[in-house]
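Q: Input file: upload.pdb. Contents: PDB, C-alpha atoms.
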```
ATOM      1  CA  MET A  26       0.000   0.000   0.000
ATOM      2  CA  ILE A  27       1.222   3.459  -0.875
ATOM      3  CA  GLN A  28       1.311   6.014   1.872
ATOM      4  CA  ILE A  29       0.997   9.688   1.069
ATOM      5  CA  ARG A  30       2.563  11.911   3.710
ATOM      6  CA  ASN A  31       2.064  15.308   2.140
ATOM      7  CA  PRO A  32      -1.419  16.645   3.076
ATOM      8  CA  LEU A  33      -1.550  18.734  -0.131
ATOM      9  CA  SER A  34      -1.061  15.617  -2.267
ATOM     10  CA  LYS A  35      -3.809  13.863  -0.326
ATOM     11  CA  GLY A  36      -6.161  16.787  -0.987
ATOM     12  CA  ILE A  37      -5.411  16.811  -4.707
ATOM     13  CA  ILE A  38      -6.000  13.071  -4.994
ATOM     14  CA  VAL A  39      -9.300  13.344  -3.071
ATOM     15  CA  CYS A  40     -10.440  16.246  -5.300
ATOM     16  CA  VAL A  41      -9.548  14.368  -8.493
ATOM     17  CA  CYS A  42     -11.440  11.297  -7.277
ATOM     18  CA  LEU A  43     -14.510  13.353  -6.342
ATOM     19  CA  LEU A  44     -14.529  15.251  -9.647
ATOM     20  CA  THR A  45     -14.118  12.082 -11.684
ATOM     21  CA  ALA A  46     -16.859  10.269  -9.803
ATOM     22  CA  SER A  47     -19.324  13.179  -9.828
ATOM     23  CA  CYS A  48     -18.946  14.397 -13.425
ATOM     24  CA  GLY A  49     -20.853  11.490 -14.915
ATOM     25  CA  ILE A  50     -18.068  10.386 -17.198
ATOM     26  CA  PHE A  51     -18.456   6.804 -16.028
ATOM     27  CA  THR A  52     -22.252   6.660 -16.146
ATOM     28  CA  PRO A  53     -23.826   5.100 -19.246
ATOM     29  CA  ARG A  54     -25.565   7.442 -21.709
ATOM     30  CA  GLN A  55     -29.128   7.046 -22.817
ATOM     31  CA  ASP A  56     -29.499   5.716 -26.331
ATOM     32  CA  GLU A  57     -30.142   8.427 -28.887
ATOM     33  CA  GLU A  58     -33.199   8.119 -31.091
ATOM     34  CA  PRO A  59     -32.213   7.068 -34.595
ATOM     35  CA  LEU A  60     -32.998   9.680 -37.231
ATOM     36  CA  GLY A  61     -34.473   7.090 -39.578
ATOM     37  CA  PRO A  62     -35.232   7.578 -43.240
ATOM     38  CA  LEU A  63     -36.376  10.899 -44.615
ATOM     39  CA  LYS A  64     -40.105  11.361 -45.043
ATOM     40  CA  ARG A  65     -40.475  13.991 -47.739
ATOM     41  CA  ASP A  66     -43.275  13.699 -50.270
ATOM     42  CA  PRO A  67     -44.180  17.288 -51.224
ATOM     43  CA  LEU A  68     -46.010  16.224 -54.406
ATOM     44  CA  ASN A  69     -47.999  13.514 -52.599
ATOM     45  CA  PHE A  70     -46.642  10.689 -54.782
ATOM     46  CA  LYS A  71     -47.970   8.124 -52.288
ATOM     47  CA  ALA A  72     -51.518   9.004 -53.384
ATOM     48  CA  ILE A  73     -50.770   7.972 -56.979
ATOM     49  CA  LEU A  74     -51.072   4.354 -55.885
ATOM     50  CA  ASP A  75     -54.377   4.875 -54.019
ATOM     51  CA  GLY A  76     -56.954   2.401 -55.254
ATOM     52  CA  THR A  77     -54.378   0.092 -56.850
ATOM     53  CA  GLY A  78     -53.990  -2.245 -53.911
ATOM     54  CA  ASP A  79     -50.286  -1.466 -53.708
ATOM     55  CA  GLU A  80     -48.114   1.206 -52.115
ATOM     56  CA  PHE A  81     -44.592   2.558 -51.918
ATOM     57  CA  ASN A  82     -42.293   1.023 -49.307
ATOM     58  CA  LYS A  83     -40.337   4.273 -49.060
ATOM     59  CA  GLU A  84     -41.631   7.604 -47.798
ATOM     60  CA  ASP A  85     -39.154   9.955 -49.448
ATOM     61  CA  PHE A  86     -39.863  11.249 -52.960
ATOM     62  CA  GLU A  87     -36.270  10.673 -54.035
ATOM     63  CA  GLU A  88     -36.538   6.977 -53.108
ATOM     64  CA  MET A  89     -39.845   6.741 -55.008
ATOM     65  CA  LEU A  90     -38.117   7.702 -58.264
ATOM     66  CA  HIS A  91     -36.351   4.830 -60.037
ATOM     67  CA  GLU A  92     -32.613   5.231 -60.605
ATOM     68  CA  ASN A  93     -33.365   5.439 -64.382
ATOM     69  CA  PHE A  94     -36.302   7.827 -63.907
ATOM     70  CA  ILE A  95     -37.442   9.961 -66.879
ATOM     71  CA  TYR A  96     -39.876  12.902 -66.825
ATOM     72  CA  ARG A  97     -41.391  13.818 -70.215
ATOM     73  CA  THR A  98     -43.256  16.955 -71.261
ATOM     74  CA  PRO A  99     -45.857  17.220 -74.056
ATOM     75  CA  VAL A 100     -43.336  19.105 -76.234
ATOM     76  CA  GLY A 101     -40.873  16.216 -76.053
ATOM     77  CA  GLU A 102     -38.443  17.499 -73.430
ATOM     78  CA  THR A 103     -36.879  14.820 -71.240
ATOM     79  CA  PHE A 104     -35.519  15.229 -67.729
ATOM     80  CA  TYR A 105     -33.755  12.658 -65.583
ATOM     81  CA  LYS A 106     -33.850  11.844 -61.888
ATOM     82  CA  THR A 107     -31.134  14.275 -60.795
ATOM     83  CA  GLN A 108     -32.790  17.173 -62.640
ATOM     84  CA  MET A 109     -36.190  16.305 -61.198
ATOM     85  CA  VAL A 110     -34.855  15.963 -57.633
ATOM     86  CA  ILE A 111     -33.251  19.412 -57.908
ATOM     87  CA  HIS A 112     -36.546  20.850 -59.221
ATOM     88  CA  ILE A 113     -38.646  19.237 -56.477
ATOM     89  CA  GLU A 114     -36.232  20.547 -53.832
ATOM     90  CA  LYS A 115     -36.593  24.022 -55.392
ATOM     91  CA  ILE A 116     -40.384  23.609 -55.174
ATOM     92  CA  MET A 117     -40.036  22.669 -51.485
ATOM     93  CA  ASN A 118     -37.887  25.753 -50.829
ATOM     94  CA  ASN A 119     -40.378  28.052 -52.584
ATOM     95  CA  TYR A 120     -43.722  26.505 -51.586
ATOM     96  CA  GLY A 121     -43.124  24.283 -48.547
ATOM     97  CA  ASP A 122     -43.032  20.556 -47.890
ATOM     98  CA  ASN A 123     -46.669  19.825 -48.681
ATOM     99  CA  ILE A 124     -48.060  21.216 -51.925
ATOM    100  CA  GLY A 125     -51.307  19.273 -51.502
ATOM    101  CA  VAL A 126     -51.422  17.716 -54.960
ATOM    102  CA  GLU A 127     -54.540  15.596 -55.416
ATOM    103  CA  TRP A 128     -54.035  12.548 -57.628
ATOM    104  CA  LYS A 129     -57.339  11.038 -58.796
ATOM    105  CA  GLU A 130     -58.158   8.174 -61.103
ATOM    106  CA  ASP A 131     -58.248   9.318 -64.723
ATOM    107  CA  PRO A 132     -61.816   8.679 -65.993
ATOM    108  CA  ASP A 133     -60.417   7.979 -69.484
ATOM    109  CA  HIS A 134     -58.356   5.060 -68.091
ATOM    110  CA  GLN A 135     -60.344   3.167 -65.493
ATOM    111  CA  VAL A 136     -58.524  -0.131 -65.889
ATOM    112  CA  ARG A 137     -57.158  -1.187 -62.521
ATOM    113  CA  PRO A 138     -53.441  -1.881 -62.899
ATOM    114  CA  VAL A 139     -52.133  -5.262 -61.845
ATOM    115  CA  PHE A 140     -48.852  -5.004 -59.983
ATOM    116  CA  ASP A 141     -46.650  -7.979 -60.835
ATOM    117  CA  GLU A 142     -43.069  -7.758 -59.566
ATOM    118  CA  ASN A 143     -41.757  -9.072 -62.897
ATOM    119  CA  ASP A 144     -43.258  -6.342 -65.019
ATOM    120  CA  SER A 145     -43.834  -2.626 -65.331
ATOM    121  CA  VAL A 146     -47.242  -1.085 -64.770
ATOM    122  CA  MET A 147     -48.960   1.990 -66.245
ATOM    123  CA  VAL A 148     -51.019   4.166 -63.899
ATOM    124  CA  TYR A 149     -53.057   7.112 -65.210
ATOM    125  CA  ARG A 150     -53.974   9.982 -62.898
ATOM    126  CA  ARG A 151     -55.546  13.435 -63.053
ATOM    127  CA  TYR A 152     -54.077  16.050 -60.759
ATOM    128  CA  SER A 153     -55.131  19.393 -59.345
ATOM    129  CA  PHE A 154     -53.762  21.771 -56.733
ATOM    130  CA  SER A 155     -53.197  25.442 -55.977
ATOM    131  CA  VAL A 156     -50.187  27.268 -54.603
ATOM    132  CA  GLN A 157     -49.589  30.792 -53.440
ATOM    133  CA  ASN A 158     -47.121  32.656 -55.619
ATOM    134  CA  PRO A 159     -44.393  33.748 -53.173
ATOM    135  CA  SER A 160     -43.588  36.953 -55.083
ATOM    136  CA  THR A 161     -47.138  38.247 -55.703
ATOM    137  CA  ASP A 162     -49.199  36.432 -53.013
ATOM    138  CA  SER A 163     -51.696  35.463 -55.736
ATOM    139  CA  ILE A 164     -53.086  31.929 -55.951
ATOM    140  CA  ILE A 165     -52.069  29.856 -58.970
ATOM    141  CA  SER A 166     -54.069  26.721 -59.827
ATOM    142  CA  PHE A 167     -52.777  23.763 -61.794
ATOM    143  CA  SER A 168     -54.420  20.689 -63.254
ATOM    144  CA  GLY A 169     -53.713  18.062 -65.849
ATOM    145  CA  LYS A 170     -53.117  14.397 -66.287
ATOM    146  CA  SER A 171     -50.100  12.184 -65.916
ATOM    147  CA  GLU A 172     -49.141   8.770 -67.157
ATOM    148  CA  PHE A 173     -46.822   6.916 -64.815
ATOM    149  CA  THR A 174     -44.825   3.803 -65.570
ATOM    150  CA  PHE A 175     -43.914   1.923 -62.430
ATOM    151  CA  ALA A 176     -41.149  -0.651 -62.187
ATOM    152  CA  PHE A 177     -40.342  -2.946 -59.315
ATOM    153  CA  PHE A 178     -36.863  -2.090 -58.061
ATOM    154  CA  GLN A 179     -35.487  -5.394 -56.782
ATOM    155  CA  GLN A 180     -32.504  -3.879 -54.948
ATOM    156  CA  LYS A 181     -34.776  -1.749 -52.765
ATOM    157  CA  ASN A 182     -37.734  -4.152 -52.738
ATOM    158  CA  THR A 183     -40.216  -1.470 -53.715
ATOM    159  CA  TRP A 184     -42.180  -0.024 -56.596
ATOM    160  CA  THR A 185     -40.622   3.062 -58.114
ATOM    161  CA  ILE A 186     -41.695   5.595 -60.712
ATOM    162  CA  LEU A 187     -39.724   4.774 -63.844
ATOM    163  CA  GLU A 188     -41.361   7.266 -66.188
ATOM    164  CA  TRP A 189     -43.708  10.236 -65.779
ATOM    165  CA  TYR A 190     -45.399  11.766 -68.805
ATOM    166  CA  ASP A 191     -47.022  15.047 -67.738
ATOM    167  CA  ILE A 192     -49.870  16.614 -69.741
ATOM    168  CA  PRO A 193     -50.915  19.891 -68.077
ATOM    169  CA  ASP A 194     -54.269  21.531 -68.799
ATOM    170  CA  GLN A 195     -52.466  24.883 -68.819
ATOM    171  CA  ARG A 196     -49.707  26.056 -71.089
ATOM    172  CA  GLU A 197     -46.987  25.352 -68.514
ATOM    173  CA  SER A 198     -46.639  22.580 -66.003
ATOM    174  CA  PHE A 199     -45.719  23.276 -62.407
ATOM    175  CA  PHE A 200     -43.745  20.016 -62.436
ATOM    176  CA  ASP A 201     -41.614  20.865 -65.507
ATOM    177  CA  PRO A 202     -38.045  21.691 -64.394
ATOM    178  CA  ASN A 203     -37.966  24.466 -67.034
ATOM    179  CA  SER A 204     -41.095  26.133 -65.636
ATOM    180  CA  PRO A 205     -40.789  29.399 -63.727
ATOM    181  CA  TYR A 206     -42.377  27.824 -60.642
TER
END
```
Could you show the structure in this file as structure tokens?
A:
Amino acid sequence: MIQIRNPLSKGIIVCVCLLTASCGIFTPRQDEEPLGPLKRDPLNFKAILDGTGDEFNKEDFEEMLHENFIYRTPVGETFYKTQMVIHIEKIMNNYGDNIGVEWKEDPDHQVRPVFDENDSVMVYRRYSFSVQNPSTDSIISFSGKSEFTFAFFQQKNTWTILEWYDIPDQRESFFDPNSPY
């Protein structure tokens, strides 16, 4: 056993022991809550599958778009996933995380799609929504129809949007990455 004769040394050792024991450094921490996957769906893509008997396994719009995603406009312009993700993030910055897009069954295409994991599936929807123009505070309304091609993405075990053909009722589509919106 070690004997300490200097009272100052004894005091320092006692203080160090008390500080170490009382600071909580040796007590276990509570587990932190995991952040989990993102849940961003500003264009309400989940509603596209309403009435089909199937649903997305992911809750983030970027995960809902297939890695080979293509967006097509009526004038023949084509945009890819990266361009569309950038545009949707711009929409979120300008208009918020929930645009409130309503996707309804297209009355011209009432065939219920059959989702078979070995195939792609066409889904036809009409859309409508309104947003407040951030620069003028006026309300802008949009409507149109969209044709979606879904593909089962084996690596992520979920349905994804492979292709989106947008046919707006107006001259310009809110969804078009070249639009001013």
Q: Hey, which of A:Asp133, A:Glu80, A:Asp122, A:Asp191 ends up closest to Tyr152 in chain A? Count all atoms listed in the file.
A: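 Going through A:Asp133, A:Glu80, A:Asp122, A:Asp191 one by one, the smallest distance to Tyr152 in chain A is for A:Asp191.
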Q: Which residues are near Ile113 in chain A? Cut-off 9 Å, all atoms listed in the file, ignore same chain within fewer than 6 positions. Put them as a list in words.
A: Pro67, Leu68, Phe86, Phe200 and Pro202 of chain A
Q: Once the PyMOL selection byres ((chain A and resi 129) around 12) is applied to the coordinates I shared, what remains selected? I want it as an MDAnalysis selection string.
A: chainID A and resid 69:77 126:128 130:135 148:154 168:172
Q: By how many Å are CA of Tyr190 in chain A and CA of Ile95 in chain A apart?
A: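 Going from CA of Tyr190 in chain A over to CA of Ile95 in chain A covers 8.4 Å.
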Q: Draw an axis-aligned box over all listed atoms of range 124-133 of chain A, pad each side with 3 Å, and write its centre and edge lengths in Å, one decimal, as lines of an AutoDock Vina configuration file.
A:
```
center_x = -54.9
center_y = 14.6
center_z = -60.5
size_x = 19.8
size_y = 19.2
size_z = 24.0
```
Q: What residues come out when you apply the PyMOL selection byres ((chain A and resi 181-188) around 12) to this file, written as an MDAnalysis selection string?
A: chainID A and resid 70:71 73:74 79:98 103:106 109 140:149 171:180 189:191
Q: Work out how far CA of Ser160 in chain A is from CA of Ile192 in chain A, in Å to one decimal.
A: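 For CA of Ile192 in chain A relative to CA of Ser160 in chain A, the distance reads 25.8 Å.
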Q: What's around Ser155 in chain A at 12 Å? Count only C-alpha atoms, leave out sequence neighbours fewer than 4 positions away in its own chain, and write the answer as an MDAnalysis selection string.
A: chainID A and resid 68 120 123:127 163:168 199
Q: Please compute the CA of Asn158 in chain A-CA of Gln195 in chain A distance, one decimal, in Å.
A: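 CA of Gln195 in chain A lies at a distance of 16.2 Å from CA of Asn158 in chain A.
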Q: May I ask which of the residues A:Met117, A:Val100, A:Ile111, A:Gln157 is the closest one to Ser198 in chain A, counting all atoms listed in the file?
A: A:Val100
